[in-house]
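One file, final-v2.txt, carrying compact mmCIF, C-alpha atoms and all ligand atoms:
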# COMPACT_ATOMS: atom_id res chain seq x y z
CA MET A 53 0.00 0.00 0.00
CA ALA A 54 1.52 3.32 -1.06
CA LYS A 55 2.56 6.01 1.33
CA ILE A 56 1.15 9.26 -0.03
CA ILE A 57 3.26 12.36 0.53
CA ALA A 58 2.29 15.89 -0.57
CA LEU A 59 4.82 18.65 -1.26
CA ALA A 60 3.03 21.75 -0.06
CA ASN A 61 3.73 25.41 0.61
CA GLN A 62 1.61 28.24 -0.74
CA LYS A 63 4.75 30.17 -1.58
CA GLY A 64 5.98 29.70 -5.11
CA GLY A 65 9.61 29.04 -5.93
CA VAL A 66 10.52 27.17 -2.74
CA GLY A 67 11.38 23.87 -4.44
CA LYS A 68 8.12 21.90 -4.30
CA THR A 69 8.25 20.75 -7.91
CA THR A 70 12.01 20.19 -7.97
CA THR A 71 11.65 18.03 -4.87
CA ALA A 72 8.59 16.17 -6.16
CA ILE A 73 10.42 15.16 -9.36
CA ASN A 74 13.81 14.36 -7.86
CA LEU A 75 12.57 12.63 -4.72
CA SER A 76 10.34 10.48 -6.95
CA ALA A 77 13.30 9.67 -9.22
CA ALA A 78 15.55 8.81 -6.27
CA LEU A 79 12.87 6.48 -4.88
CA VAL A 80 12.52 4.79 -8.28
CA ASP A 81 16.32 4.36 -8.29
CA ARG A 82 16.03 2.50 -5.00
CA GLY A 83 13.59 0.11 -6.62
CA TYR A 84 10.30 1.55 -5.41
CA LYS A 85 7.21 2.00 -7.55
CA VAL A 86 6.35 5.68 -7.61
CA LEU A 87 3.43 7.70 -8.92
CA LEU A 88 3.97 11.45 -9.18
CA VAL A 89 0.71 13.41 -9.13
CA ASP A 90 0.88 16.93 -10.59
CA THR A 91 -1.83 19.16 -9.10
CA ASP A 92 -0.36 22.46 -10.34
CA PRO A 93 -2.04 23.88 -13.47
CA GLN A 94 1.43 25.08 -14.56
CA GLY A 95 2.27 21.42 -15.11
CA ASN A 96 5.96 21.87 -14.28
CA ALA A 97 6.25 18.42 -12.71
CA THR A 98 4.63 16.98 -15.83
CA SER A 99 7.03 18.59 -18.29
CA GLY A 100 9.99 18.21 -15.93
CA CYS A 101 9.55 14.44 -16.22
CA GLY A 102 9.81 14.68 -19.98
CA ILE A 103 6.13 14.46 -20.81
CA GLU A 104 5.19 16.45 -23.91
CA LYS A 105 2.05 18.28 -22.90
CA GLY A 106 0.80 18.32 -26.49
CA GLN A 107 0.92 14.54 -26.61
CA ILE A 108 -1.35 13.79 -23.68
CA LYS A 109 -5.07 13.49 -24.11
CA LEU A 110 -6.19 13.23 -20.51
CA SER A 111 -4.97 14.93 -17.35
CA LEU A 112 -5.92 15.61 -13.73
CA TYR A 113 -8.69 17.91 -14.94
CA ASP A 114 -10.45 14.95 -16.52
CA LEU A 115 -10.17 13.02 -13.29
CA LEU A 116 -11.52 15.79 -11.06
CA LEU A 117 -14.18 17.25 -13.34
CA ARG A 118 -15.11 14.55 -15.80
CA GLU A 119 -14.91 11.40 -13.70
CA LYS A 120 -12.42 9.81 -16.10
CA ASN A 121 -10.76 6.59 -15.01
CA ILE A 122 -7.41 7.28 -13.34
CA LEU A 123 -5.81 4.31 -15.13
CA GLU A 124 -6.45 5.97 -18.47
CA ILE A 125 -4.74 9.16 -17.33
CA ILE A 126 -1.49 7.89 -15.78
CA VAL A 127 1.52 8.11 -18.10
CA ALA A 128 4.76 6.12 -17.89
CA THR A 129 8.06 7.99 -18.30
CA ASN A 130 11.39 6.67 -19.58
CA GLY A 131 13.00 7.02 -16.18
CA GLY A 132 10.39 4.80 -14.56
CA ILE A 133 8.29 7.37 -12.69
CA LYS A 134 4.58 7.09 -13.44
CA VAL A 135 2.91 10.49 -13.71
CA LEU A 136 -0.63 11.73 -13.31
CA PRO A 137 -0.15 14.84 -15.45
CA ALA A 138 -1.60 18.34 -15.17
CA LEU A 139 -2.31 20.80 -17.96
CA ILE A 140 -3.27 24.47 -17.90
CA ASP A 141 -6.98 23.57 -18.15
CA LEU A 142 -6.70 22.71 -14.45
CA ALA A 143 -6.49 26.46 -13.74
CA GLY A 144 -10.28 26.68 -14.06
CA ALA A 145 -10.94 23.57 -12.02
CA GLU A 146 -11.11 25.19 -8.60
CA VAL A 147 -13.94 27.47 -9.65
CA GLU A 148 -15.75 24.70 -11.53
CA MET A 149 -15.52 22.40 -8.53
CA VAL A 150 -17.05 24.82 -6.04
CA SER A 151 -20.58 23.52 -6.40
CA MET A 152 -19.62 19.86 -6.66
CA PHE A 153 -20.55 17.26 -4.10
CA SER A 154 -17.60 16.09 -1.95
CA ARG A 155 -15.26 18.27 -3.95
CA GLU A 156 -12.44 17.96 -1.38
CA THR A 157 -12.18 14.17 -1.65
CA LYS A 158 -12.11 13.68 -5.43
CA LEU A 159 -8.38 12.98 -5.63
CA LYS A 160 -8.38 10.80 -2.52
CA LYS A 161 -11.14 8.59 -3.92
CA ALA A 162 -9.30 8.16 -7.22
CA LEU A 163 -5.96 7.36 -5.53
CA ASP A 164 -7.64 4.88 -3.18
CA LYS A 165 -8.41 2.73 -6.21
CA ILE A 166 -4.78 2.42 -7.33
CA LYS A 167 -2.62 2.88 -4.26
CA ASN A 168 -2.03 -0.85 -3.95
CA ALA A 169 0.03 -0.70 -7.12
CA TYR A 170 2.62 1.76 -5.73
CA ASP A 171 5.06 2.12 -2.86
CA TYR A 172 5.01 5.92 -2.87
CA ILE A 173 2.65 8.49 -4.32
CA ILE A 174 4.22 11.95 -4.37
CA ILE A 175 1.87 14.90 -4.91
CA ASP A 176 3.19 18.23 -6.18
CA CYS A 177 0.91 21.08 -5.02
CA PRO A 178 0.29 24.46 -6.64
CA PRO A 179 1.48 27.64 -4.89
CA SER A 180 -1.87 28.36 -3.24
CA LEU A 181 -4.12 26.92 -0.56
CA GLY A 182 -7.17 26.45 -2.77
CA LEU A 183 -9.22 23.38 -3.58
CA LEU A 184 -6.38 21.66 -5.47
CA THR A 185 -4.06 21.79 -2.47
CA ILE A 186 -6.97 20.74 -0.22
CA ASN A 187 -7.55 17.73 -2.48
CA ALA A 188 -3.85 16.87 -2.22
CA LEU A 189 -3.81 17.19 1.59
CA THR A 190 -7.01 15.18 1.90
CA ALA A 191 -5.49 12.37 -0.15
CA ALA A 192 -2.10 12.42 1.60
CA ASP A 193 -0.77 10.56 4.61
CA SER A 194 1.76 13.29 5.28
CA VAL A 195 3.24 16.56 4.07
CA ILE A 196 6.79 17.57 3.24
CA LEU A 197 7.13 21.31 3.67
CA PRO A 198 9.95 22.77 1.57
CA LEU A 199 11.39 26.04 2.82
CA GLN A 200 13.79 28.13 0.82
CA CYS A 201 16.82 29.28 2.83
CA GLU A 202 16.12 32.99 2.58
CA PHE A 203 15.24 35.76 4.96
CA TYR A 204 11.48 35.29 4.62
CA ALA A 205 11.53 31.49 4.89
CA LEU A 206 9.23 31.33 7.89
CA GLU A 207 6.85 34.00 6.65
CA GLY A 208 3.54 32.49 5.63
CA MET A 209 4.16 29.40 7.77
CA THR A 210 1.06 30.11 9.81
CA GLN A 211 -1.18 29.77 6.76
CA ILE A 212 0.13 26.43 5.55
CA LEU A 213 0.32 24.96 9.07
CA ASN A 214 -3.21 26.14 9.77
CA THR A 215 -4.45 24.59 6.53
CA ILE A 216 -2.78 21.28 7.45
CA LYS A 217 -4.48 21.50 10.88
CA LEU A 218 -7.89 22.23 9.36
CA VAL A 219 -7.62 19.36 6.89
CA HIS A 220 -6.47 17.10 9.73
CA GLU A 221 -9.48 18.08 11.86
CA ASN A 222 -12.13 18.03 9.18
CA LEU A 223 -11.16 15.91 6.21
CA ASN A 224 -8.23 13.62 6.89
CA GLU A 225 -7.39 12.56 10.43
CA LYS A 226 -4.25 10.66 9.37
CA LEU A 227 -2.56 13.71 7.90
CA SER A 228 0.74 14.55 9.59
CA LEU A 229 3.84 16.64 8.97
CA GLU A 230 6.37 14.26 7.41
CA GLY A 231 9.23 16.73 7.52
CA VAL A 232 10.53 20.20 6.79
CA LEU A 233 13.03 20.42 3.94
CA LEU A 234 15.52 23.25 3.63
CA THR A 235 16.11 24.03 -0.04
CA MET A 236 18.51 26.21 -2.03
CA TYR A 237 20.95 26.10 0.85
CA ASP A 238 24.09 28.09 0.15
CA ALA A 239 26.91 26.94 2.42
CA ARG A 240 28.92 30.07 1.62
CA THR A 241 26.46 32.46 3.22
CA ASN A 242 25.75 33.14 6.88
CA LEU A 243 22.16 33.78 5.95
CA SER A 244 21.51 30.18 4.91
CA ALA A 245 23.03 28.90 8.16
CA GLN A 246 21.01 31.38 10.21
CA VAL A 247 17.77 30.47 8.47
CA ALA A 248 18.50 26.77 8.97
CA GLU A 249 19.05 27.39 12.71
CA GLU A 250 15.84 29.34 13.03
CA VAL A 251 13.80 26.74 11.16
CA LYS A 252 15.24 23.94 13.34
CA LYS A 253 14.25 25.89 16.46
CA HIS A 254 10.75 26.31 15.07
CA PHE A 255 10.34 22.64 14.12
CA PRO A 256 12.37 20.56 16.57
CA ASP A 257 12.81 16.97 15.28
CA LYS A 258 11.03 17.71 12.00
CA VAL A 259 13.79 19.18 9.83
CA TYR A 260 15.53 16.73 7.47
CA ARG A 261 19.25 16.33 8.06
CA THR A 262 19.63 16.57 4.28
CA MET A 263 19.55 20.14 3.03
CA ILE A 264 19.16 20.68 -0.70
CA PRO A 265 22.01 22.92 -1.89
CA ARG A 266 21.59 25.65 -4.42
CA ASN A 267 22.80 23.83 -7.51
CA VAL A 268 22.53 25.07 -11.05
CA ARG A 269 22.20 21.50 -12.38
CA LEU A 270 18.90 21.21 -10.54
CA SER A 271 17.52 24.23 -12.36
CA GLU A 272 18.81 23.03 -15.73
CA ALA A 273 17.45 19.47 -15.59
CA PRO A 274 13.76 20.33 -16.28
CA SER A 275 14.59 21.82 -19.66
CA TYR A 276 16.00 18.42 -20.62
CA GLY A 277 12.85 16.74 -19.35
CA CYS A 278 14.63 14.50 -16.90
CA PRO A 279 15.29 14.25 -13.19
CA ILE A 280 18.69 15.21 -11.80
CA ASN A 281 19.84 11.60 -11.42
CA GLU A 282 19.62 11.20 -15.19
CA TYR A 283 20.84 14.66 -16.15
CA ALA A 284 23.79 15.01 -13.76
CA ALA A 285 24.08 11.96 -11.56
CA ASP A 286 27.24 13.15 -9.79
CA SER A 287 26.02 16.66 -9.04
CA LYS A 288 25.52 17.92 -5.50
CA GLY A 289 21.83 18.20 -6.22
CA ALA A 290 21.56 14.56 -7.26
CA ILE A 291 23.43 13.40 -4.16
CA ALA A 292 21.23 15.53 -1.90
CA TYR A 293 17.99 14.09 -3.32
CA LYS A 294 19.41 10.59 -2.97
CA ASP A 295 20.14 11.33 0.70
CA LEU A 296 16.67 12.78 1.16
CA ALA A 297 15.12 9.63 -0.30
CA GLU A 298 17.07 7.55 2.24
CA GLU A 299 15.68 9.67 5.07
CA VAL A 300 12.15 9.39 3.72
CA ILE A 301 12.50 5.61 3.42
CA LYS A 302 13.88 5.37 6.96
CA ASN A 303 10.95 7.35 8.36
CA GLY A 304 8.72 4.53 7.16
P1 LIG B 401 7.95 25.59 -6.57
O1 LIG B 401 7.43 24.33 -7.18
O2 LIG B 401 7.86 25.61 -5.07
O3 LIG B 401 7.34 26.82 -7.17
P2 LIG B 401 10.38 24.99 -8.03
O4 LIG B 401 10.80 23.64 -7.62
O5 LIG B 401 9.69 25.14 -9.34
O6 LIG B 401 9.53 25.68 -6.88
O7 LIG B 401 11.69 25.90 -7.99
C1 LIG B 401 11.64 27.26 -8.37
C2 LIG B 401 12.83 27.58 -9.29
O8 LIG B 401 14.04 27.38 -8.59
C3 LIG B 401 12.88 26.68 -10.50
O9 LIG B 401 13.36 27.42 -11.58
C4 LIG B 401 13.88 25.60 -10.10
O10 LIG B 401 14.54 25.05 -11.22
C5 LIG B 401 14.83 26.37 -9.21
N1 LIG B 401 15.37 25.54 -8.14
C6 LIG B 401 14.69 24.75 -7.28
N2 LIG B 401 15.51 24.16 -6.39
C7 LIG B 401 16.76 24.58 -6.70
C8 LIG B 401 18.06 24.34 -6.14
N3 LIG B 401 18.23 23.55 -5.08
N4 LIG B 401 19.12 24.95 -6.71
C9 LIG B 401 18.96 25.77 -7.77
N5 LIG B 401 17.78 26.05 -8.34
C10 LIG B 401 16.68 25.47 -7.81
MG MG B 402 5.87 24.06 -8.53

Render the structure in this file as structure tokens.
Ligand code: ADP
Ligand code: MG
Amino acid sequence: MAKIIALANQKGGVGKTTTAINLSAALVDRGYKVLLVDTDPQGNATSGCGIEKGQIKLSLYDLLLREKNILEIIVATNGGIKVLPALIDLAGAEVEMVSMFSRETKLKKALDKIKNAYDYIIIDCPPSLGLLTINALTAADSVILPLQCEFYALEGMTQILNTIKLVHENLNEKLSLEGVLLTMYDARTNLSAQVAEEVKKHFPDKVYRTMIPRNVRLSEAPSYGCPINEYAADSKGAIAYKDLAEEVIKNG
């Protein structure tokens, strides 16, 4: 039975998608079966895995709004990650879903049908706390919260933590915080070290030992449509995501 982990933070540019792709790839490397679910209308996780958006006929929109069978939507990638893709049509989904019955549990119900076939299901969330993120948190067992090592890292924490709490209380009692991941860490700056200290104080025992370094290879890989372990296997970024996968596996 798959463990379902959502990458969530309403801030954009903190490393949700980069982590979703490269954690998935590192888990596949370790022999696990992984489904990556893209819930961001931008579809960056979809294209970052090498899926040509023009080539796919069905996407998450069809699952949420048109009751399409999830098995018809999932796409296999060369690297071995299976992907439930998102396209820009998903941008209208939140508004269209407002009047739907049990709109918060659509994704959960679909994933329930297939989670036996995977070891991990990794969900990449959009940079907002709307209905798409709520669907992700309702379907998930736990959340990884990526925080960029910058001065405002902890700003906006209240909103995401409160959303996790609300979903836990009202929609998904198993939801927990899997871990806090420091991203774009720059070992040369005091600021990164200071932010890391502050975040560790704020979340004792929850911060991953692995910090994802700022690494240009990580930002280049998506344009080649492959995860870092295929694009630059020896890079610092690839090693960090491998280490993160080990921590995630160890946490059970
Ligand atoms: P989010 O999904 O939270 O919006 P992304 O994962 O898309 O964030 O990252 C935002 C931008 O930063 C992207 O251009 C990505 O390639 C780049 N990026 C992410 N993580 C790193 C990193 N560790 N080092 C360098 N660039 C990164
Ligand atoms: Mg993203």

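Every residue having at least one atom no farther than 6 Å from ligand MG 402 (chain B) is included below, with all atoms listed in the file taken into account: Lys68, Thr69 and Pro178 of chain A.
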
List all protein, DNA and RNA residues that have an atom no more than 9 Å from any atom of ligand LIG 401 (chain B), counting all atoms listed in the file, and report them as a PyMOL selection string. chain A and resi 59-73+92+96-97+176-179+198-200+235-237+263-274+289

Point (-7.9, 16.7, -4.4) neighbourhood (8 Å, only C-alpha atoms) written as number ranges by chain: A: 116, 155-160, 183-191

Select, counting all atoms listed in the file, all protein, DNA and RNA residues no farther than 8 Å from (13.7, 11.5, 9.2) in file coordinates, and express the selection as a PyMOL selection string. chain A and resi 231+258-261+299-300+302-303

Save the residues we just selected, C-alpha atoms, as a PDB file, in the frame of the given file?
ATOM      1  CA  GLY A 231       9.230  16.730   7.520  1.00  0.00           C
ATOM      2  CA  LYS A 258      11.030  17.710  12.000  1.00  0.00           C
ATOM      3  CA  VAL A 259      13.790  19.180   9.830  1.00  0.00           C
ATOM      4  CA  TYR A 260      15.530  16.730   7.470  1.00  0.00           C
ATOM      5  CA  ARG A 261      19.250  16.330   8.060  1.00  0.00           C
ATOM      6  CA  GLU A 299      15.680   9.670   5.070  1.00  0.00           C
ATOM      7  CA  VAL A 300      12.150   9.390   3.720  1.00  0.00           C
ATOM      8  CA  LYS A 302      13.880   5.370   6.960  1.00  0.00           C
ATOM      9  CA  ASN A 303      10.950   7.350   8.360  1.00  0.00           C
TER      10      ASN A 303
END

Which is closest to His220 (chain A) among A:Ala292, A:Val195, A:Cys101, A:Ala54, if we use only C-alpha atoms?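 Smallest distance to His220 (chain A) is found for A:Val195.
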
As an exercise, work out the distance from CA of Gly83 (chain A) to CA of Met53 (chain A) in Å and give it to one decimal place.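 These two atoms are separated by 15.1 Å.
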
CA of Leu123 (chain A) and CA of Asn168 (chain A), how far apart in Å?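 That distance, rounded to one decimal, is 12.9 Å.
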
Which residue, A:Ala143, A:Val127, A:Ile133, A:Leu110, has the smallest gap to Asp171 (chain A) when you use only C-alpha atoms?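 Of A:Ala143, A:Val127, A:Ile133, A:Leu110, the one nearest Asp171 (chain A) is A:Ile133, counting only C-alpha atoms.
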
Could you tell me which of A:Lys294, A:Tyr170, A:Val232, A:Glu119 comes closest to Phe255 (chain A) if we count only C-alpha atoms?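 Comparing A:Lys294, A:Tyr170, A:Val232, A:Glu119 against Phe255 (chain A), the winner is A:Val232.
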
Select, from A:Leu87, A:Ala138, A:Ile196, A:Val219, the residue with the minimum atom-to-atom distance to Gly106 (chain A), counting all atoms listed in the file.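 The shortest atom-to-atom distance to Gly106 (chain A) comes from A:Ala138.
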
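If you look at CA of Ser228 (chain A) and CA of Lys134 (chain A), they are 24.5 Å away from each other.
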
With all atoms of region 252-267 of chain A from the file as input, state the centre and edge lengths in Å to one decimal of the axis-aligned box that has 5 Å extra on each side, as AutoDock Vina command-line options.
--center_x 16.6 --center_y 21.3 --center_z 4.5 --size_x 22.5 --size_y 20.0 --size_z 34.1

Could you check the closest approach to Asn242 (chain A) for each of A:Tyr293, A:Tyr276, A:Tyr84, A:Phe203 and tell me which residue wins, using only C-alpha atoms?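 Going through A:Tyr293, A:Tyr276, A:Tyr84, A:Phe203 one by one, the smallest distance to Asn242 (chain A) is for A:Phe203.
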